[in-house]
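Trainee: Have a peek at structure-v7.cif (mmCIF, N, CA and C atoms and all ligand atoms).
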data_work
#
loop_
_atom_site.label_atom_id
_atom_site.label_comp_id
_atom_site.auth_asym_id
_atom_site.auth_seq_id
_atom_site.Cartn_x
_atom_site.Cartn_y
_atom_site.Cartn_z
N MET A 1 -1.78 -3.17 3.30
CA MET A 1 -0.87 -2.86 4.38
C MET A 1 -0.60 -1.36 4.33
N HIS A 2 -0.80 -0.74 5.47
CA HIS A 2 -0.65 0.73 5.51
C HIS A 2 0.50 1.09 6.46
N GLY A 3 1.35 1.99 6.00
CA GLY A 3 2.50 2.40 6.80
C GLY A 3 2.23 3.58 7.71
N PRO A 4 3.32 4.23 8.15
CA PRO A 4 3.23 5.23 9.21
C PRO A 4 2.39 6.46 8.87
N ASN A 5 1.70 6.92 9.89
CA ASN A 5 0.88 8.15 9.86
C ASN A 5 -0.43 8.00 9.09
N LEU A 6 -0.64 6.85 8.48
CA LEU A 6 -1.89 6.67 7.73
C LEU A 6 -3.07 6.42 8.68
N ASN A 7 -2.78 6.11 9.93
CA ASN A 7 -3.86 6.04 10.94
C ASN A 7 -4.49 7.41 11.14
N LEU A 8 -3.81 8.46 10.74
CA LEU A 8 -4.35 9.82 10.92
C LEU A 8 -5.08 10.35 9.68
N LEU A 9 -5.28 9.50 8.69
CA LEU A 9 -6.00 9.96 7.50
C LEU A 9 -7.36 10.53 7.90
N GLY A 10 -7.76 11.57 7.20
CA GLY A 10 -9.00 12.27 7.58
C GLY A 10 -8.64 13.57 8.28
N LEU A 11 -7.67 13.47 9.20
CA LEU A 11 -7.18 14.65 9.93
C LEU A 11 -5.91 15.19 9.29
N ARG A 12 -5.13 14.28 8.76
CA ARG A 12 -3.77 14.60 8.33
C ARG A 12 -3.76 15.27 6.95
N GLU A 13 -3.33 16.50 6.89
CA GLU A 13 -3.17 17.22 5.61
C GLU A 13 -4.23 16.82 4.58
N PRO A 14 -5.51 17.10 4.88
CA PRO A 14 -6.58 16.63 3.98
C PRO A 14 -6.47 17.18 2.56
N GLY A 15 -5.83 18.35 2.40
CA GLY A 15 -5.63 18.90 1.05
C GLY A 15 -4.75 18.00 0.19
N ILE A 16 -3.91 17.21 0.85
CA ILE A 16 -3.01 16.30 0.12
C ILE A 16 -3.57 14.87 0.11
N TYR A 17 -4.07 14.43 1.28
CA TYR A 17 -4.42 13.01 1.41
C TYR A 17 -5.92 12.73 1.38
N GLY A 18 -6.73 13.81 1.30
CA GLY A 18 -8.18 13.60 1.23
C GLY A 18 -8.82 13.53 2.60
N SER A 19 -10.15 13.42 2.61
CA SER A 19 -10.89 13.49 3.87
C SER A 19 -11.33 12.12 4.39
N LYS A 20 -11.08 11.08 3.64
CA LYS A 20 -11.50 9.75 4.11
C LYS A 20 -10.56 9.26 5.20
N THR A 21 -11.16 8.61 6.21
CA THR A 21 -10.34 8.03 7.27
C THR A 21 -9.84 6.66 6.80
N LEU A 22 -8.88 6.13 7.56
CA LEU A 22 -8.36 4.79 7.22
C LEU A 22 -9.46 3.74 7.36
N VAL A 23 -10.31 3.93 8.37
CA VAL A 23 -11.42 2.98 8.57
C VAL A 23 -12.32 3.00 7.33
N GLN A 24 -12.61 4.17 6.83
CA GLN A 24 -13.47 4.27 5.63
C GLN A 24 -12.80 3.63 4.42
N ILE A 25 -11.51 3.86 4.27
CA ILE A 25 -10.79 3.25 3.13
C ILE A 25 -10.82 1.72 3.26
N ASN A 26 -10.58 1.22 4.46
CA ASN A 26 -10.61 -0.24 4.64
C ASN A 26 -12.01 -0.80 4.36
N GLU A 27 -13.04 -0.06 4.75
CA GLU A 27 -14.42 -0.54 4.48
C GLU A 27 -14.68 -0.62 2.97
N ILE A 28 -14.21 0.40 2.26
CA ILE A 28 -14.37 0.40 0.78
C ILE A 28 -13.65 -0.81 0.19
N LEU A 29 -12.44 -1.06 0.68
CA LEU A 29 -11.66 -2.19 0.14
C LEU A 29 -12.31 -3.52 0.49
N GLU A 30 -12.91 -3.60 1.69
CA GLU A 30 -13.59 -4.85 2.06
C GLU A 30 -14.79 -5.08 1.15
N SER A 31 -15.52 -4.00 0.86
CA SER A 31 -16.66 -4.13 -0.04
C SER A 31 -16.20 -4.52 -1.46
N ASP A 32 -15.12 -3.90 -1.95
CA ASP A 32 -14.58 -4.27 -3.26
C ASP A 32 -14.14 -5.74 -3.27
N SER A 33 -13.52 -6.16 -2.18
CA SER A 33 -13.03 -7.55 -2.10
C SER A 33 -14.18 -8.55 -2.20
N ARG A 34 -15.29 -8.22 -1.55
CA ARG A 34 -16.46 -9.12 -1.63
C ARG A 34 -16.91 -9.23 -3.08
N LYS A 35 -16.97 -8.08 -3.76
CA LYS A 35 -17.41 -8.10 -5.17
C LYS A 35 -16.42 -8.89 -6.03
N LEU A 36 -15.14 -8.77 -5.70
CA LEU A 36 -14.11 -9.47 -6.48
C LEU A 36 -13.96 -10.93 -6.03
N GLN A 37 -14.68 -11.27 -4.96
CA GLN A 37 -14.64 -12.63 -4.40
C GLN A 37 -13.24 -13.04 -3.95
N VAL A 38 -12.61 -12.12 -3.24
CA VAL A 38 -11.31 -12.43 -2.63
C VAL A 38 -11.37 -12.05 -1.15
N SER A 39 -10.48 -12.66 -0.36
CA SER A 39 -10.44 -12.27 1.05
C SER A 39 -9.33 -11.23 1.26
N LEU A 40 -9.55 -10.40 2.25
CA LEU A 40 -8.66 -9.25 2.48
C LEU A 40 -8.40 -9.12 3.97
N SER A 41 -7.15 -8.89 4.36
CA SER A 41 -6.89 -8.45 5.75
C SER A 41 -6.16 -7.13 5.68
N CYS A 42 -6.52 -6.23 6.57
CA CYS A 42 -5.93 -4.89 6.59
C CYS A 42 -5.08 -4.72 7.84
N LEU A 43 -3.94 -4.07 7.69
CA LEU A 43 -3.08 -3.81 8.83
C LEU A 43 -2.43 -2.44 8.65
N GLN A 44 -2.39 -1.65 9.71
CA GLN A 44 -1.64 -0.39 9.67
C GLN A 44 -0.64 -0.42 10.81
N SER A 45 0.58 0.04 10.54
CA SER A 45 1.53 0.19 11.63
C SER A 45 2.44 1.38 11.37
N ASN A 46 2.84 2.00 12.49
CA ASN A 46 3.81 3.09 12.42
C ASN A 46 5.23 2.57 12.59
N CYS A 47 5.37 1.24 12.77
CA CYS A 47 6.68 0.64 13.07
C CYS A 47 7.18 -0.20 11.91
N GLU A 48 8.37 0.08 11.49
CA GLU A 48 8.96 -0.62 10.35
C GLU A 48 9.03 -2.13 10.59
N GLY A 49 9.48 -2.52 11.80
CA GLY A 49 9.65 -3.95 12.09
C GLY A 49 8.33 -4.70 12.07
N ILE A 50 7.26 -4.05 12.50
CA ILE A 50 5.95 -4.70 12.48
C ILE A 50 5.51 -4.94 11.04
N LEU A 51 5.81 -3.98 10.17
CA LEU A 51 5.47 -4.15 8.75
C LEU A 51 6.32 -5.27 8.14
N VAL A 52 7.59 -5.33 8.51
CA VAL A 52 8.46 -6.41 8.01
C VAL A 52 7.91 -7.76 8.48
N ASP A 53 7.55 -7.88 9.76
CA ASP A 53 6.99 -9.14 10.27
C ASP A 53 5.69 -9.49 9.54
N ALA A 54 4.86 -8.48 9.27
CA ALA A 54 3.58 -8.74 8.60
C ALA A 54 3.81 -9.22 7.17
N ILE A 55 4.83 -8.70 6.51
CA ILE A 55 5.15 -9.16 5.14
C ILE A 55 5.60 -10.62 5.21
N HIS A 56 6.44 -10.97 6.18
CA HIS A 56 6.87 -12.37 6.33
C HIS A 56 5.67 -13.27 6.57
N ASP A 57 4.78 -12.81 7.44
CA ASP A 57 3.62 -13.62 7.83
C ASP A 57 2.62 -13.78 6.67
N ALA A 58 2.58 -12.78 5.78
CA ALA A 58 1.63 -12.82 4.67
C ALA A 58 1.83 -14.06 3.81
N ARG A 59 3.07 -14.55 3.77
CA ARG A 59 3.39 -15.75 2.99
C ARG A 59 2.50 -16.93 3.36
N ASN A 60 2.16 -17.01 4.65
CA ASN A 60 1.39 -18.16 5.14
C ASN A 60 -0.11 -18.01 4.95
N HIS A 61 -0.58 -16.79 4.66
CA HIS A 61 -2.02 -16.55 4.66
C HIS A 61 -2.56 -15.92 3.39
N HIS A 62 -1.70 -15.33 2.58
CA HIS A 62 -2.20 -14.52 1.46
C HIS A 62 -1.46 -14.81 0.17
N GLN A 63 -2.04 -14.33 -0.93
CA GLN A 63 -1.41 -14.55 -2.24
C GLN A 63 -0.77 -13.29 -2.82
N GLY A 64 -1.12 -12.16 -2.26
CA GLY A 64 -0.56 -10.91 -2.78
C GLY A 64 -0.59 -9.83 -1.71
N ILE A 65 0.14 -8.76 -1.97
CA ILE A 65 0.23 -7.65 -1.01
C ILE A 65 -0.07 -6.34 -1.73
N LEU A 66 -0.97 -5.57 -1.13
CA LEU A 66 -1.27 -4.21 -1.58
C LEU A 66 -0.70 -3.31 -0.48
N ILE A 67 0.24 -2.47 -0.81
CA ILE A 67 0.94 -1.72 0.24
C ILE A 67 1.06 -0.24 -0.07
N ASN A 68 0.71 0.57 0.93
CA ASN A 68 1.10 1.97 0.95
C ASN A 68 2.09 2.08 2.11
N ALA A 69 3.36 2.03 1.79
CA ALA A 69 4.38 2.05 2.85
C ALA A 69 4.60 3.47 3.39
N ALA A 70 3.84 4.44 2.85
CA ALA A 70 3.90 5.84 3.31
C ALA A 70 5.36 6.32 3.32
N ALA A 71 5.81 6.97 4.39
CA ALA A 71 7.17 7.55 4.38
C ALA A 71 8.25 6.47 4.23
N TYR A 72 7.95 5.23 4.67
CA TYR A 72 8.95 4.16 4.53
C TYR A 72 9.22 3.81 3.07
N THR A 73 8.30 4.21 2.18
CA THR A 73 8.54 4.03 0.74
C THR A 73 9.89 4.59 0.34
N HIS A 74 10.20 5.75 0.94
CA HIS A 74 11.37 6.51 0.50
C HIS A 74 12.62 6.24 1.33
N THR A 75 12.49 5.37 2.33
CA THR A 75 13.63 5.16 3.26
C THR A 75 13.95 3.70 3.54
N SER A 76 13.00 2.80 3.35
CA SER A 76 13.16 1.49 3.99
C SER A 76 13.70 0.39 3.09
N VAL A 77 14.98 0.13 3.26
CA VAL A 77 15.59 -1.03 2.61
C VAL A 77 15.01 -2.31 3.25
N ALA A 78 14.68 -2.25 4.53
CA ALA A 78 14.17 -3.44 5.23
C ALA A 78 12.82 -3.90 4.65
N ILE A 79 11.95 -2.96 4.36
CA ILE A 79 10.64 -3.34 3.78
C ILE A 79 10.83 -3.85 2.37
N ARG A 80 11.66 -3.19 1.61
CA ARG A 80 11.95 -3.67 0.25
C ARG A 80 12.54 -5.08 0.29
N ASP A 81 13.50 -5.32 1.21
CA ASP A 81 14.12 -6.65 1.28
C ASP A 81 13.11 -7.71 1.72
N ALA A 82 12.20 -7.34 2.61
CA ALA A 82 11.16 -8.29 3.05
C ALA A 82 10.28 -8.68 1.87
N LEU A 83 9.90 -7.69 1.06
CA LEU A 83 9.05 -7.98 -0.11
C LEU A 83 9.81 -8.85 -1.11
N ALA A 84 11.09 -8.55 -1.30
CA ALA A 84 11.90 -9.36 -2.22
C ALA A 84 12.05 -10.78 -1.67
N ALA A 85 12.15 -10.92 -0.36
CA ALA A 85 12.36 -12.24 0.25
C ALA A 85 11.13 -13.12 0.09
N VAL A 86 9.95 -12.57 0.31
CA VAL A 86 8.74 -13.42 0.27
C VAL A 86 8.28 -13.67 -1.17
N GLN A 87 8.75 -12.83 -2.10
CA GLN A 87 8.43 -13.03 -3.52
C GLN A 87 6.94 -13.14 -3.78
N MET A 88 6.17 -12.29 -3.11
CA MET A 88 4.72 -12.28 -3.35
C MET A 88 4.37 -11.12 -4.27
N PRO A 89 3.44 -11.34 -5.22
CA PRO A 89 3.02 -10.23 -6.06
C PRO A 89 2.58 -9.04 -5.20
N THR A 90 3.17 -7.90 -5.46
CA THR A 90 2.93 -6.71 -4.63
C THR A 90 2.56 -5.52 -5.51
N VAL A 91 1.53 -4.80 -5.11
CA VAL A 91 1.17 -3.55 -5.78
C VAL A 91 1.37 -2.42 -4.78
N GLU A 92 2.11 -1.42 -5.22
CA GLU A 92 2.41 -0.24 -4.38
C GLU A 92 1.39 0.86 -4.70
N VAL A 93 0.83 1.46 -3.67
CA VAL A 93 -0.11 2.55 -3.90
C VAL A 93 0.23 3.77 -3.05
N HIS A 94 -0.17 4.93 -3.56
CA HIS A 94 -0.05 6.18 -2.82
C HIS A 94 -1.28 7.03 -3.08
N LEU A 95 -1.78 7.66 -2.04
CA LEU A 95 -2.92 8.57 -2.20
C LEU A 95 -2.53 9.77 -3.06
N SER A 96 -1.40 10.37 -2.73
CA SER A 96 -0.94 11.56 -3.46
C SER A 96 -0.04 11.11 -4.63
N ASN A 97 0.17 12.03 -5.56
CA ASN A 97 1.11 11.75 -6.66
C ASN A 97 2.50 12.08 -6.15
N ILE A 98 3.26 11.04 -5.81
CA ILE A 98 4.57 11.27 -5.16
C ILE A 98 5.56 11.97 -6.11
N TYR A 99 5.25 11.98 -7.40
CA TYR A 99 6.18 12.57 -8.38
C TYR A 99 5.95 14.06 -8.60
N ASN A 100 4.82 14.59 -8.13
CA ASN A 100 4.68 16.05 -8.25
C ASN A 100 4.78 16.73 -6.89
N ARG A 101 5.47 16.03 -5.96
CA ARG A 101 5.70 16.60 -4.62
C ARG A 101 7.21 16.81 -4.41
N GLU A 102 7.63 16.88 -3.16
CA GLU A 102 9.05 17.14 -2.87
C GLU A 102 9.92 16.06 -3.51
N GLU A 103 11.14 16.45 -3.84
CA GLU A 103 12.02 15.52 -4.54
C GLU A 103 12.31 14.26 -3.72
N PHE A 104 12.36 14.38 -2.38
CA PHE A 104 12.69 13.19 -1.58
C PHE A 104 11.61 12.12 -1.69
N ARG A 105 10.42 12.50 -2.21
CA ARG A 105 9.36 11.50 -2.37
C ARG A 105 9.41 10.83 -3.75
N HIS A 106 10.31 11.26 -4.60
CA HIS A 106 10.30 10.74 -5.98
C HIS A 106 10.89 9.35 -6.07
N TYR A 107 11.73 8.99 -5.10
CA TYR A 107 12.33 7.64 -5.16
C TYR A 107 11.55 6.68 -4.26
N SER A 108 11.23 5.52 -4.82
CA SER A 108 10.57 4.48 -4.04
C SER A 108 11.47 3.25 -3.98
N TYR A 109 11.77 2.81 -2.74
CA TYR A 109 12.50 1.55 -2.56
C TYR A 109 11.62 0.35 -2.89
N ILE A 110 10.29 0.58 -2.88
CA ILE A 110 9.35 -0.54 -3.08
C ILE A 110 9.17 -0.83 -4.58
N ALA A 111 9.18 0.24 -5.41
CA ALA A 111 8.84 0.08 -6.84
C ALA A 111 9.62 -1.03 -7.55
N PRO A 112 10.93 -1.16 -7.32
CA PRO A 112 11.66 -2.20 -8.06
C PRO A 112 11.24 -3.63 -7.70
N VAL A 113 10.58 -3.82 -6.57
CA VAL A 113 10.17 -5.18 -6.19
C VAL A 113 8.65 -5.34 -6.30
N ALA A 114 7.97 -4.36 -6.87
CA ALA A 114 6.51 -4.43 -7.03
C ALA A 114 6.16 -4.77 -8.48
N ILE A 115 4.96 -5.31 -8.69
CA ILE A 115 4.48 -5.52 -10.06
C ILE A 115 4.26 -4.15 -10.70
N GLY A 116 3.68 -3.23 -9.92
CA GLY A 116 3.40 -1.90 -10.44
C GLY A 116 3.02 -0.96 -9.32
N GLN A 117 2.79 0.28 -9.71
CA GLN A 117 2.54 1.33 -8.71
C GLN A 117 1.38 2.21 -9.19
N ILE A 118 0.52 2.61 -8.25
CA ILE A 118 -0.57 3.55 -8.57
C ILE A 118 -0.47 4.70 -7.57
N SER A 119 -0.40 5.90 -8.10
CA SER A 119 -0.08 7.06 -7.27
C SER A 119 -0.89 8.26 -7.72
N GLY A 120 -1.59 8.90 -6.77
CA GLY A 120 -2.18 10.19 -7.10
C GLY A 120 -3.69 10.22 -7.19
N PHE A 121 -4.36 9.11 -6.92
CA PHE A 121 -5.82 9.06 -7.10
C PHE A 121 -6.58 9.01 -5.77
N GLY A 122 -5.94 9.46 -4.70
CA GLY A 122 -6.61 9.43 -3.40
C GLY A 122 -6.96 8.00 -3.03
N ALA A 123 -8.12 7.84 -2.36
CA ALA A 123 -8.52 6.50 -1.93
C ALA A 123 -8.69 5.56 -3.14
N ASP A 124 -8.97 6.14 -4.30
CA ASP A 124 -9.11 5.30 -5.50
C ASP A 124 -7.80 4.60 -5.87
N SER A 125 -6.66 5.13 -5.44
CA SER A 125 -5.39 4.42 -5.71
C SER A 125 -5.45 3.02 -5.11
N TYR A 126 -5.99 2.92 -3.89
CA TYR A 126 -6.10 1.59 -3.25
C TYR A 126 -7.05 0.69 -4.04
N ARG A 127 -8.18 1.27 -4.48
CA ARG A 127 -9.19 0.46 -5.19
C ARG A 127 -8.62 -0.05 -6.51
N LEU A 128 -7.95 0.87 -7.24
CA LEU A 128 -7.34 0.49 -8.52
C LEU A 128 -6.24 -0.54 -8.28
N GLY A 129 -5.49 -0.35 -7.20
CA GLY A 129 -4.40 -1.28 -6.88
C GLY A 129 -4.94 -2.67 -6.55
N LEU A 130 -6.02 -2.72 -5.79
CA LEU A 130 -6.62 -4.01 -5.45
C LEU A 130 -7.10 -4.72 -6.72
N GLN A 131 -7.79 -3.97 -7.56
CA GLN A 131 -8.29 -4.54 -8.82
C GLN A 131 -7.12 -5.08 -9.66
N ALA A 132 -6.06 -4.30 -9.75
CA ALA A 132 -4.89 -4.71 -10.55
C ALA A 132 -4.24 -5.96 -9.96
N LEU A 133 -4.15 -6.02 -8.63
CA LEU A 133 -3.53 -7.19 -7.99
C LEU A 133 -4.36 -8.45 -8.24
N VAL A 134 -5.69 -8.31 -8.09
CA VAL A 134 -6.57 -9.47 -8.30
C VAL A 134 -6.49 -9.91 -9.78
N ASN A 135 -6.54 -8.97 -10.71
CA ASN A 135 -6.42 -9.32 -12.14
C ASN A 135 -5.12 -10.08 -12.39
N TYR A 136 -4.04 -9.57 -11.81
CA TYR A 136 -2.72 -10.20 -12.00
C TYR A 136 -2.75 -11.64 -11.49
N LEU A 137 -3.29 -11.82 -10.28
CA LEU A 137 -3.31 -13.16 -9.68
C LEU A 137 -4.20 -14.11 -10.48
N GLN A 138 -5.30 -13.58 -11.00
CA GLN A 138 -6.22 -14.44 -11.77
C GLN A 138 -5.63 -14.84 -13.11
N GLN A 139 -4.80 -13.97 -13.67
CA GLN A 139 -4.20 -14.28 -14.98
C GLN A 139 -3.01 -15.22 -14.85
N LYS A 140 -2.50 -15.38 -13.62
CA LYS A 140 -1.30 -16.22 -13.46
C LYS A 140 -1.62 -17.69 -13.62
C1 LIG A 201 2.03 8.62 0.79
C2 LIG A 201 3.12 9.51 0.19
C3 LIG A 201 4.36 9.51 1.07
O1 LIG A 201 5.37 10.34 0.49
C4 LIG A 201 4.04 10.03 2.45
O2 LIG A 201 5.17 9.96 3.29
C5 LIG A 201 2.87 9.36 3.07
C6 LIG A 201 1.72 9.00 2.24
C7 LIG A 201 0.71 8.71 0.00
O3 LIG A 201 -0.13 7.83 0.17
O4 LIG A 201 0.50 9.66 -0.75
O5 LIG A 201 2.81 9.20 4.28
O6 LIG A 201 2.46 7.28 0.74
#
Please rewrite the model in this file as structure tokens.
Mentor:
Amino acid sequence: MHGPNLNLLGLREPGIYGSKTLVQINEILESDSRKLQVSLSCLQSNCEGILVDAIHDARNHHQGILINAAAYTHTSVAIRDALAAVQMPTVEVHLSNIYNREEFRHYSYIAPVAIGQISGFGADSYRLGLQALVNYLQQK
């Protein structure tokens, strides 16, 4: 699940977020999912309520959530509460290292309700996060 402005990856501040587009990142994750023998659905939205609805809906279709909530990471009690409500294993990822950037990015509302967080490895953060989520689900 991808949050706001991530539809502009590739164009958006490539020095910080890298040159891969969201389509390319989703393709990489789809290929990883096939190798891991899991199914994956990808969704990006710039709207908080759409992400909240998608988290609610995930309960009926999925076993875990891999999320880059982007700017909502640092602001959204609603997304955090949705994740807490559905009680699905969640891995939080960020392309950039949110801890070596502006101070307002250092706090994550998502982290306390996630299994763990991967931050700072560009598109590989998503790949590592997917692998970690699948490992967690398989060990349960
Ligand atoms: C981000 C980091 C956030 O602080 C920022 O608002 C984003 C992207 C990342 O992937 O590095 O939009 O989540």
Trainee: With all atoms listed in the file counted, collect every polymer residue having an atom within 5 Å of ligand LIG 201 (chain A); state the result as number ranges by chain.
Mentor: A: 70-71, 94-96
Trainee: As an exercise, work out the distance from atom N of Cys47 in chain A to atom C of Leu66 in chain A in Å and give it to one decimal place.
Mentor: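 For atom N of Cys47 in chain A relative to atom C of Leu66 in chain A, the distance reads 15.3 Å.
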Trainee: I'd like the interatomic distance between CA of His61 in chain A and CA of Leu43 in chain A, to a tenth of an Å.
Mentor: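 Taking CA of His61 in chain A and CA of Leu43 in chain A, their separation equals 13.4 Å.
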Trainee: Give me every strand (DSSP E or B) residue in chain A, going by DSSP on the backbone, as a PyMOL selection string.
Mentor: chain A and resi 2+44+65-68+90-94+116-119
Trainee: What does the file look like for those residues with N, CA and C atoms, as a compact mmCIF listing (two decimals), in the coordinates of the input?
Mentor:
# COMPACT_ATOMS: atom_id res chain seq x y z
N HIS A 2 -0.80 -0.74 5.47
CA HIS A 2 -0.65 0.73 5.51
C HIS A 2 0.50 1.09 6.46
N GLN A 44 -2.39 -1.65 9.71
CA GLN A 44 -1.64 -0.39 9.67
C GLN A 44 -0.64 -0.42 10.81
N ILE A 65 0.14 -8.76 -1.97
CA ILE A 65 0.23 -7.65 -1.01
C ILE A 65 -0.07 -6.34 -1.73
N LEU A 66 -0.97 -5.57 -1.13
CA LEU A 66 -1.27 -4.21 -1.58
C LEU A 66 -0.70 -3.31 -0.48
N ILE A 67 0.24 -2.47 -0.81
CA ILE A 67 0.94 -1.72 0.24
C ILE A 67 1.06 -0.24 -0.07
N ASN A 68 0.71 0.57 0.93
CA ASN A 68 1.10 1.97 0.95
C ASN A 68 2.09 2.08 2.11
N THR A 90 3.17 -7.90 -5.46
CA THR A 90 2.93 -6.71 -4.63
C THR A 90 2.56 -5.52 -5.51
N VAL A 91 1.53 -4.80 -5.11
CA VAL A 91 1.17 -3.55 -5.78
C VAL A 91 1.37 -2.42 -4.78
N GLU A 92 2.11 -1.42 -5.22
CA GLU A 92 2.41 -0.24 -4.38
C GLU A 92 1.39 0.86 -4.70
N VAL A 93 0.83 1.46 -3.67
CA VAL A 93 -0.11 2.55 -3.90
C VAL A 93 0.23 3.77 -3.05
N HIS A 94 -0.17 4.93 -3.56
CA HIS A 94 -0.05 6.18 -2.82
C HIS A 94 -1.28 7.03 -3.08
N GLY A 116 3.68 -3.23 -9.92
CA GLY A 116 3.40 -1.90 -10.44
C GLY A 116 3.02 -0.96 -9.32
N GLN A 117 2.79 0.28 -9.71
CA GLN A 117 2.54 1.33 -8.71
C GLN A 117 1.38 2.21 -9.19
N ILE A 118 0.52 2.61 -8.25
CA ILE A 118 -0.57 3.55 -8.57
C ILE A 118 -0.47 4.70 -7.57
N SER A 119 -0.40 5.90 -8.10
CA SER A 119 -0.08 7.06 -7.27
C SER A 119 -0.89 8.26 -7.72
Trainee: Please identify every residue of range 8-85 of chain A that has at least one atom no farther than 8 Å from an atom of range 102-119 of chain A, counting only C-alpha atoms, and for each give the shortest atom pair and the distance in Å to one decimal, arranged by chain then increasing number, as a tab-separated table.
Mentor:
residue	atom	partner	partner_atom	distance
A:Thr73	CA	A:Ser108	CA	5.2
A:His74	CA	A:Ser108	CA	5.0
A:Thr75	CA	A:Tyr109	CA	6.9
A:Ser76	CA	A:Tyr109	CA	6.6
A:Val77	CA	A:Tyr109	CA	6.6
A:Ile79	CA	A:Ile110	CA	7.5
A:Arg80	CA	A:Ile110	CA	5.3
A:Leu83	CA	A:Val113	CA	6.8
A:Ala84	CA	A:Val113	CA	6.0
Trainee: Using Å and a single decimal, report how far CA of Asn5 in chain A sits from CA of Tyr17 in chain A.
Mentor: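 Answer for the CA of Tyr17 in chain A to CA of Asn5 in chain A separation: 11.1 Å.
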Trainee: Could you list, as a list in words, every residue within 8 Å of range 136-138 of chain A, counting only C-alpha atoms and ignoring same-chain residues fewer than 6 positions away?
Mentor: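 Everything that qualifies: Gln63, Gly64 and Pro89 of chain A.
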Trainee: With distances taken over all atoms listed in the file, which of A:Ser31, A:Val86, A:Gly129, A:Lys140 is nearest to Ile67 in chain A?
Mentor: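 When distances to Ile67 in chain A are compared using all atoms listed in the file, the smallest one comes from A:Gly129.
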Trainee: Asp53 in chain A: which residues within 12 Å, counting only C-alpha atoms, same-chain residues fewer than 2 positions away excluded, as a list in words?
Mentor: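 Non-adjacent residues within range: Met1, Leu43, Ser45, Cys47, Glu48, Gly49, Ile50, Leu51, Ile55, His56, Asp57, Ala58, Arg59, Asn60, Ala78, Ile79, Asp81, Ala82, Leu83, Ala85 and Val86 of chain A.
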Trainee: Tell me, which residues of range 9-140 of chain A carry DSSP alpha helix (DSSP H), written as JSON, numbers by chain?
Mentor: {"A": [14, 15, 16, 17, 22, 23, 24, 25, 26, 27, 28, 29, 30, 31, 32, 33, 34, 35, 36, 48, 49, 50, 51, 52, 53, 54, 55, 56, 57, 58, 59, 60, 61, 77, 78, 79, 80, 81, 82, 83, 84, 85, 86, 123, 124, 125, 126, 127, 128, 129, 130, 131, 132, 133, 134, 135, 136, 137, 138, 139]}
Trainee: Tell me, as an MDAnalysis selection string, which residues lie within 8 Å of Gln44 in chain A, counting only C-alpha atoms; anything in the same chain fewer than 2 positions away does not count.
Mentor: chainID A and resid 1:4 6:7 42 46
Trainee: Return as AutoDock Vina command-line options the centre and edge lengths, in Å with one decimal, of the box along x, y and z that encloses every atom of range 81-94 of chain A in the file, padded by 4 Å per side.
Mentor:
--center_x 6.4 --center_y -3.3 --center_z -1.5 --size_x 23.4 --size_y 28.7 --size_z 17.1
